[in-house]
$ cat data-v5.txt   # compact mmCIF, C-alpha atoms
# COMPACT_ATOMS: atom_id res chain seq x y z
CA MET A 577 80.47 139.55 259.51
CA ARG A 578 80.16 138.60 255.83
CA THR A 579 77.94 135.62 256.70
CA LEU A 580 75.70 137.88 258.78
CA LYS A 581 75.46 140.41 255.96
CA THR A 582 74.55 137.64 253.48
CA ALA A 583 71.83 136.38 255.81
CA ILE A 584 70.40 139.89 256.19
CA LEU A 585 70.37 140.44 252.43
CA LYS A 586 68.61 137.10 251.91
CA ILE A 587 65.91 138.12 254.38
CA ILE A 588 65.27 141.57 252.97
CA LYS A 589 65.03 140.33 249.38
CA ARG A 590 61.72 138.62 250.16
CA ASN A 591 58.88 140.69 248.76
CA SER A 592 55.16 139.95 248.96
CA SER A 593 54.47 142.62 246.33
CA ARG A 594 56.01 140.46 243.61
CA LYS A 595 53.61 137.63 244.37
CA TYR A 596 50.57 139.88 244.51
CA LEU A 597 51.55 141.65 241.27
CA ALA A 598 51.96 138.26 239.58
CA ASP A 599 48.59 137.13 240.95
CA PHE A 600 47.00 140.32 239.61
CA ALA A 601 48.49 139.76 236.15
CA GLN A 602 47.37 136.12 236.22
CA GLN A 603 43.81 137.19 237.06
CA ALA A 604 43.94 139.63 234.14
CA ALA A 605 45.08 136.86 231.80
CA ASN A 606 42.38 134.50 233.06
CA SER A 607 39.71 137.13 232.41
CA VAL A 608 40.08 137.07 228.61
CA PRO A 609 39.26 134.16 226.27
CA PRO A 610 41.68 132.56 223.79
CA GLY A 611 42.31 134.67 220.72
CA SER A 612 41.92 137.99 222.52
CA ARG A 613 44.39 140.76 221.83
CA VAL A 614 46.28 142.10 224.87
CA LEU A 615 48.72 144.97 225.36
CA ASP A 616 51.25 145.04 228.19
CA ALA A 617 51.86 148.80 228.45
CA GLY A 618 55.12 149.68 230.18
CA ALA A 619 56.14 146.04 229.99
CA GLY A 620 59.83 146.44 230.86
CA GLU A 621 61.17 142.93 231.33
CA CYS A 622 57.79 141.37 230.41
CA PRO A 623 57.65 139.30 233.62
CA TYR A 624 54.04 138.24 232.97
CA ARG A 625 54.33 137.22 229.32
CA SER A 626 53.95 133.53 230.14
CA PHE A 627 50.46 134.13 231.60
CA PHE A 628 49.18 135.27 228.21
CA GLY A 629 50.09 132.27 226.06
CA HIS A 630 46.46 131.78 225.01
CA VAL A 631 46.06 135.30 223.55
CA ALA A 632 47.79 137.61 221.07
CA TYR A 633 50.16 139.28 223.53
CA GLU A 634 51.89 142.54 222.58
CA SER A 635 54.28 144.61 224.69
CA THR A 636 55.57 148.15 224.59
CA ASP A 637 57.73 150.50 226.63
CA LEU A 638 59.62 153.72 226.02
CA CYS A 639 62.87 152.18 227.37
CA LEU A 640 64.21 155.31 229.06
CA VAL A 641 66.20 153.80 231.93
CA THR A 642 69.15 151.44 231.91
CA LYS A 643 67.87 147.96 232.66
CA ALA A 644 67.38 144.61 230.95
CA TYR A 645 64.28 145.15 228.82
CA ALA A 646 62.67 142.15 227.20
CA LYS A 647 62.22 141.89 223.44
CA LEU A 648 59.21 144.17 222.98
CA THR A 649 56.62 144.15 220.22
CA PHE A 650 57.33 147.84 219.69
CA ILE A 651 58.92 150.77 221.51
CA SER A 652 56.70 153.78 221.99
CA ASP A 653 55.61 156.66 224.15
CA LEU A 654 52.60 155.26 226.01
CA ALA A 655 50.74 158.49 225.38
CA LYS A 656 51.17 157.93 221.62
CA ILE A 657 50.75 154.20 220.98
CA PRO A 658 51.10 153.48 217.24
CA VAL A 659 47.97 151.35 216.81
CA LYS A 660 44.43 152.05 215.61
CA PRO A 661 41.61 152.87 218.05
CA ASP A 662 39.66 149.94 219.52
CA SER A 663 42.53 147.47 219.05
CA TYR A 664 42.78 145.56 222.34
CA ASP A 665 40.48 143.48 224.50
CA LEU A 666 42.63 144.09 227.56
CA VAL A 667 45.46 146.41 228.58
CA LEU A 668 47.76 145.57 231.49
CA CYS A 669 49.61 148.57 232.90
CA SER A 670 51.54 147.50 235.99
CA GLN A 671 53.66 149.89 238.09
CA THR A 672 54.07 152.30 235.21
CA LEU A 673 51.79 155.28 235.75
CA GLU A 674 54.13 156.90 238.29
CA HIS A 675 56.78 157.16 235.58
CA VAL A 676 54.88 159.31 233.07
CA PRO A 677 54.76 163.11 233.30
CA ASP A 678 51.10 163.33 232.24
CA PRO A 679 49.17 160.32 233.60
CA LYS A 680 45.82 161.62 232.40
CA LEU A 681 47.10 161.74 228.84
CA LEU A 682 48.39 158.17 229.11
CA LEU A 683 45.09 156.88 230.52
CA ALA A 684 43.21 158.60 227.71
CA GLU A 685 45.45 156.82 225.21
CA LEU A 686 44.84 153.44 226.86
CA HIS A 687 41.12 154.20 226.65
CA ARG A 688 41.54 154.94 222.93
CA VAL A 689 43.30 151.67 222.09
CA LEU A 690 40.87 149.49 224.07
CA LYS A 691 37.86 148.02 222.32
CA PRO A 692 34.44 149.05 223.67
CA GLY A 693 33.85 146.79 226.63
CA GLY A 694 37.59 146.16 226.97
CA LYS A 695 39.26 146.43 230.35
CA LEU A 696 42.28 148.13 231.85
CA TRP A 697 44.10 146.24 234.61
CA LEU A 698 46.19 148.85 236.38
CA SER A 699 48.44 148.89 239.44
CA VAL A 700 49.89 152.07 240.96
CA PRO A 701 52.01 152.83 244.04
CA LEU A 702 51.00 154.87 247.05
CA PHE A 703 53.94 154.19 249.38
CA TYR A 704 57.27 153.56 247.69
CA GLU A 705 60.70 155.17 247.50
CA GLU A 706 61.86 157.06 244.41
CA HIS A 707 63.02 154.69 241.67
CA GLU A 708 63.99 154.67 237.99
CA ILE A 709 65.27 158.18 238.64
CA PRO A 710 64.70 160.76 237.21
CA TYR A 711 61.54 159.29 235.65
CA ASP A 712 59.53 159.01 238.84
CA TYR A 713 56.81 161.64 239.15
CA TYR A 714 53.76 160.57 241.18
CA ARG A 715 52.15 158.49 243.91
CA TYR A 716 48.39 157.79 243.91
CA THR A 717 45.63 157.69 246.47
CA ARG A 718 42.50 155.69 245.59
CA TYR A 719 40.65 158.98 245.15
CA GLY A 720 43.28 160.45 242.87
CA ILE A 721 43.39 157.47 240.54
CA ALA A 722 39.58 157.26 240.53
CA HIS A 723 39.42 160.93 239.54
CA LEU A 724 41.86 160.44 236.65
CA LEU A 725 40.03 157.39 235.33
CA ASP A 726 36.70 159.20 235.53
CA GLN A 727 38.18 162.17 233.65
CA VAL A 728 38.99 159.97 230.65
CA HIS A 729 35.64 158.11 230.79
CA PHE A 730 36.60 154.76 232.26
CA GLN A 731 34.05 152.92 234.38
CA ILE A 732 35.78 151.69 237.54
CA GLU A 733 34.92 148.13 238.47
CA SER A 734 37.23 147.78 241.48
CA ILE A 735 39.96 149.56 243.42
CA THR A 736 41.60 147.32 246.02
CA TRP A 737 44.77 147.10 248.05
CA LEU A 738 47.35 145.03 246.17
CA GLU A 739 49.14 143.97 249.35
CA GLY A 740 47.94 144.32 252.93
CA TYR A 741 49.28 146.66 255.59
CA PHE A 742 51.73 143.97 256.72
CA GLY A 743 53.34 144.27 253.29
CA THR A 744 53.69 148.04 253.69
CA LEU A 745 55.16 147.62 257.15
CA ALA A 746 57.59 144.97 255.88
CA TYR A 747 58.69 147.38 253.16
CA GLN A 748 59.20 150.25 255.64
CA LEU A 749 61.34 148.00 257.83
CA LYS A 750 63.29 146.79 254.78
CA VAL A 751 64.12 150.38 253.82
CA GLY A 752 65.33 151.01 257.37
CA THR A 753 67.46 147.87 257.23
CA LYS A 754 69.16 149.01 254.05
CA THR A 755 69.54 152.73 254.69
CA LEU A 756 70.03 153.32 258.42
CA PRO A 757 73.60 154.73 258.51
CA LEU A 758 76.47 153.01 260.32
CA LYS A 759 79.01 155.83 260.53
CA PRO A 760 79.50 157.66 263.85
CA SER A 761 79.77 160.92 261.90
CA ASP A 762 76.17 160.48 260.69
CA TYR A 763 75.07 160.68 264.32
CA GLY A 764 77.13 163.74 265.23
CA GLY A 765 80.43 161.99 265.92
CA SER A 766 82.22 161.69 269.28
CA LEU A 767 81.23 159.04 271.81
CA GLY A 768 77.51 159.62 271.22
CA GLY A 769 77.98 158.86 267.53
CA VAL A 770 79.80 155.60 268.31
CA ILE A 771 77.06 154.53 270.70
CA MET A 772 74.35 155.35 268.16
CA THR A 773 76.20 153.40 265.46
CA CYS A 774 76.26 150.29 267.66
CA PHE A 775 72.58 150.81 268.44
CA ALA A 776 71.79 151.28 264.73
CA LEU A 777 73.49 148.00 263.86
CA PHE A 778 71.33 146.22 266.42
CA ILE A 779 68.20 147.97 265.11
CA LYS A 780 69.03 146.94 261.52
CA LEU A 781 69.13 143.30 262.61
CA ILE A 782 65.78 143.66 264.38
CA PHE A 783 64.29 145.44 261.35
CA ALA A 784 65.48 142.65 259.03
CA VAL A 785 63.86 139.96 261.16
CA LEU A 786 60.62 141.95 261.53
CA SER A 787 60.52 142.66 257.80
CA ALA A 788 60.73 138.93 257.08
CA LEU A 789 58.05 138.25 259.69
CA PHE A 790 55.60 140.80 258.28
CA THR A 791 56.31 139.64 254.72
CA SER A 792 55.33 136.12 255.72
CA LEU A 793 52.23 137.43 257.46
CA ASP A 794 51.26 139.45 254.39
CA LEU A 795 51.54 136.38 252.20
CA LYS A 796 49.30 134.41 254.55
CA HIS A 797 46.75 137.11 255.36
CA LYS A 798 46.23 140.36 253.46
CA TYR A 799 45.11 142.66 256.26
CA SER A 800 43.57 145.91 254.99
CA GLY A 801 41.64 147.06 258.03
CA GLY A 802 43.99 149.96 258.76
CA GLY A 803 47.27 151.64 257.97
CA MET A 804 48.51 152.58 254.50
CA CYS A 805 48.60 150.30 251.47
CA LYS A 806 51.74 150.08 249.35
CA ASN A 807 50.00 149.74 245.96
CA TYR A 808 46.49 149.88 244.56
CA ALA A 809 45.11 147.39 242.03
CA ILE A 810 42.43 148.73 239.72
CA VAL A 811 40.15 147.20 237.08
CA ALA A 812 38.38 149.69 234.82
CA LYS A 813 36.21 149.24 231.75
CA LYS A 814 35.82 151.18 228.54
CA PRO A 815 32.03 151.55 228.13
CA SER A 816 30.45 149.53 225.35

$ encode --input "data-v5.txt" --output "structure tokens"
Amino acid sequence: MRTLKTAILKIIKRNSSRKYLADFAQQAANSVPPGSRVLDAGAGECPYRSFFGHVAYESTDLCLVTKAYAKLTFISDLAKIPVKPDSYDLVLCSQTLEHVPDPKLLLAELHRVLKPGGKLWLSVPLFYEEHEIPYDYYRYTRYGIAHLLDQVHFQIESITWLEGYFGTLAYQLKVGTKTLPLKPSDYGGSLGGVIMTCFALFIKLIFAVLSALFTSLDLKHKYSGGGMCKNYAIVAKKPS
């Protein structure tokens, strides 16, 4: 039973989102020349620091939740960044906007600290469970994020799916694998509850295998012809 559980956990830990987020950050890094000044806003563990070795990389976060934060350049509220206007050539803000109570105010601040012509590389979730509780406030459609960026005078260059639908489906199946209950009492008890528990165990195994399958498919082919995306990737420019 322990070996089976270990195998299931190994399967469900695969995550195409991590690769696509890293690819997005790498593209951001490749878009600026050596000597540029870059801010990683909401940097957390600074997983993309190594991509920015050719620029002056700075990082900041408010550090509200308990986790292993990296050594940051400074700690600050992202709506009140302690730098002068027009300071950065590029701002990376990855999977952060859902954690701020006033996203419009934060975007306006990122606009302020960018140089004219500078770009914001932003990723936001549409389909994801609550996390970093209680600091989890929003999910974003492409139209909602476009509206917010327009309100603070960014010019949107692109809004694309970060992963494909296979990645969303893999995530849905992964959640089912982890959270489908295995207690007869959760299914009403008695014989029916016991039968449903056995069925749920079988379903969890099927979900784990399907999640791994769709993760692999998402890594090979990012299908975006239908369904719901998990995250959006946005590039927006501060007008010159």

$ residues_around --input "data-v5.txt" --residues "region 605-609 of chain A" --least-positions-apart "4" --cutoff "12 Å" --atoms "all atoms listed in the file" --output "list of chain:residue names"
A:Ala598, A:Asp599, A:Phe600, A:Ala601, A:Arg613, A:Val614, A:Leu615, A:Asp616, A:Tyr624, A:Arg625, A:Ser626, A:Phe627, A:Phe628, A:Gly629, A:His630, A:Val631, A:Ala632, A:Tyr633, A:Tyr664, A:Asp665, A:Leu666, A:Val667, A:Leu668, A:Gly693, A:Gly694, A:Lys695, A:Leu696, A:Trp697, A:Val811

$ atom_distance --input "data-v5.txt" --atom1 "CA of Arg594 (chain A)" --atom2 "CA of Leu683 (chain A)"
23.7 Å

$ closest_residue --input "data-v5.txt" --among "A:Ser593, A:Pro815, A:Gly802, A:Leu638" --to "Tyr741 (chain A)" --atoms "only C-alpha atoms"
A:Gly802

$ closest_atom_pairs --input "data-v5.txt" --of "region 632-676 of chain A" --to "region 704-721 of chain A" --cutoff "12 Å" --atoms "all atoms listed in the file" --output "tab-separated table"
residue	atom	partner	partner_atom	distance
A:Leu638	CA	A:Tyr711	CA	11.3
A:Cys639	CA	A:Glu708	CA	11.0
A:Leu640	CA	A:Tyr711	CA	8.1
A:Val641	CA	A:Glu708	CA	6.5
A:Thr642	CA	A:Glu708	CA	8.6
A:Lys643	CA	A:Glu708	CA	9.4
A:Gln671	CA	A:Arg715	CA	10.5
A:Thr672	CA	A:Asp712	CA	9.4
A:Leu673	CA	A:Tyr714	CA	7.8
A:Glu674	CA	A:Tyr714	CA	4.7
A:His675	CA	A:Asp712	CA	4.6
A:Val676	CA	A:Tyr713	CA	6.8

$ residues_around --input "data-v5.txt" --residues "Gly752 (chain A)" --least-positions-apart "3" --cutoff "10 Å" --atoms "all atoms listed in the file" --output "number ranges by chain"
A: 746-749, 755-757, 776, 779-780, 783-784, 787

$ closest_residue --input "data-v5.txt" --among "A:Lys595, A:His723, A:His729, A:Lys647" --to "Glu685 (chain A)" --atoms "only C-alpha atoms"
A:His729

$ residues_around --input "data-v5.txt" --residues "Leu686 (chain A)" --least-positions-apart "3" --cutoff "9 Å" --atoms "only C-alpha atoms" --output "list in words"
Ala617, Leu654, Ala655, Ile657, Val667, Leu681, Leu682, Leu683, Val689, Leu690 and Leu696 of chain A

$ residues_around --input "data-v5.txt" --residues "Leu738 (chain A)" --least-positions-apart "2" --cutoff "10 Å" --atoms "all atoms listed in the file" --output "list in words"
Ser592, Ser593, Lys595, Tyr596, Leu597, Asp599, Phe600, Ser699, Val700, Pro701, Ile735, Thr736, Gly740, Tyr741, Gly743, Lys798, Ser800, Cys805, Lys806, Asn807, Tyr808, Ala809 and Ile810 of chain A

$ closest_residue --input "data-v5.txt" --among "A:Gln603, A:Ser766, A:Ser761, A:Gln727" --to "Ala684 (chain A)" --atoms "all atoms listed in the file"
A:Gln727

$ atom_distance --input "data-v5.txt" --atom1 "CA of Asp637 (chain A)" --atom2 "CA of Phe703 (chain A)"
23.4 Å

$ atom_distance --input "data-v5.txt" --atom1 "CA of Thr744 (chain A)" --atom2 "CA of Ile782 (chain A)"
16.7 Å

$ closest_residue --input "data-v5.txt" --among "A:Lys750, A:Gly764, A:Asp726, A:Val659" --to "Val785 (chain A)" --atoms "only C-alpha atoms"
A:Lys750

$ closest_residue --input "data-v5.txt" --among "A:Arg590, A:Leu648, A:Trp737, A:Leu789" --to "Leu702 (chain A)" --atoms "only C-alpha atoms"
A:Trp737

$ closest_residue --input "data-v5.txt" --among "A:Ala604, A:Leu725, A:Ala646, A:Leu745" --to "Gly803 (chain A)" --atoms "only C-alpha atoms"
A:Leu745
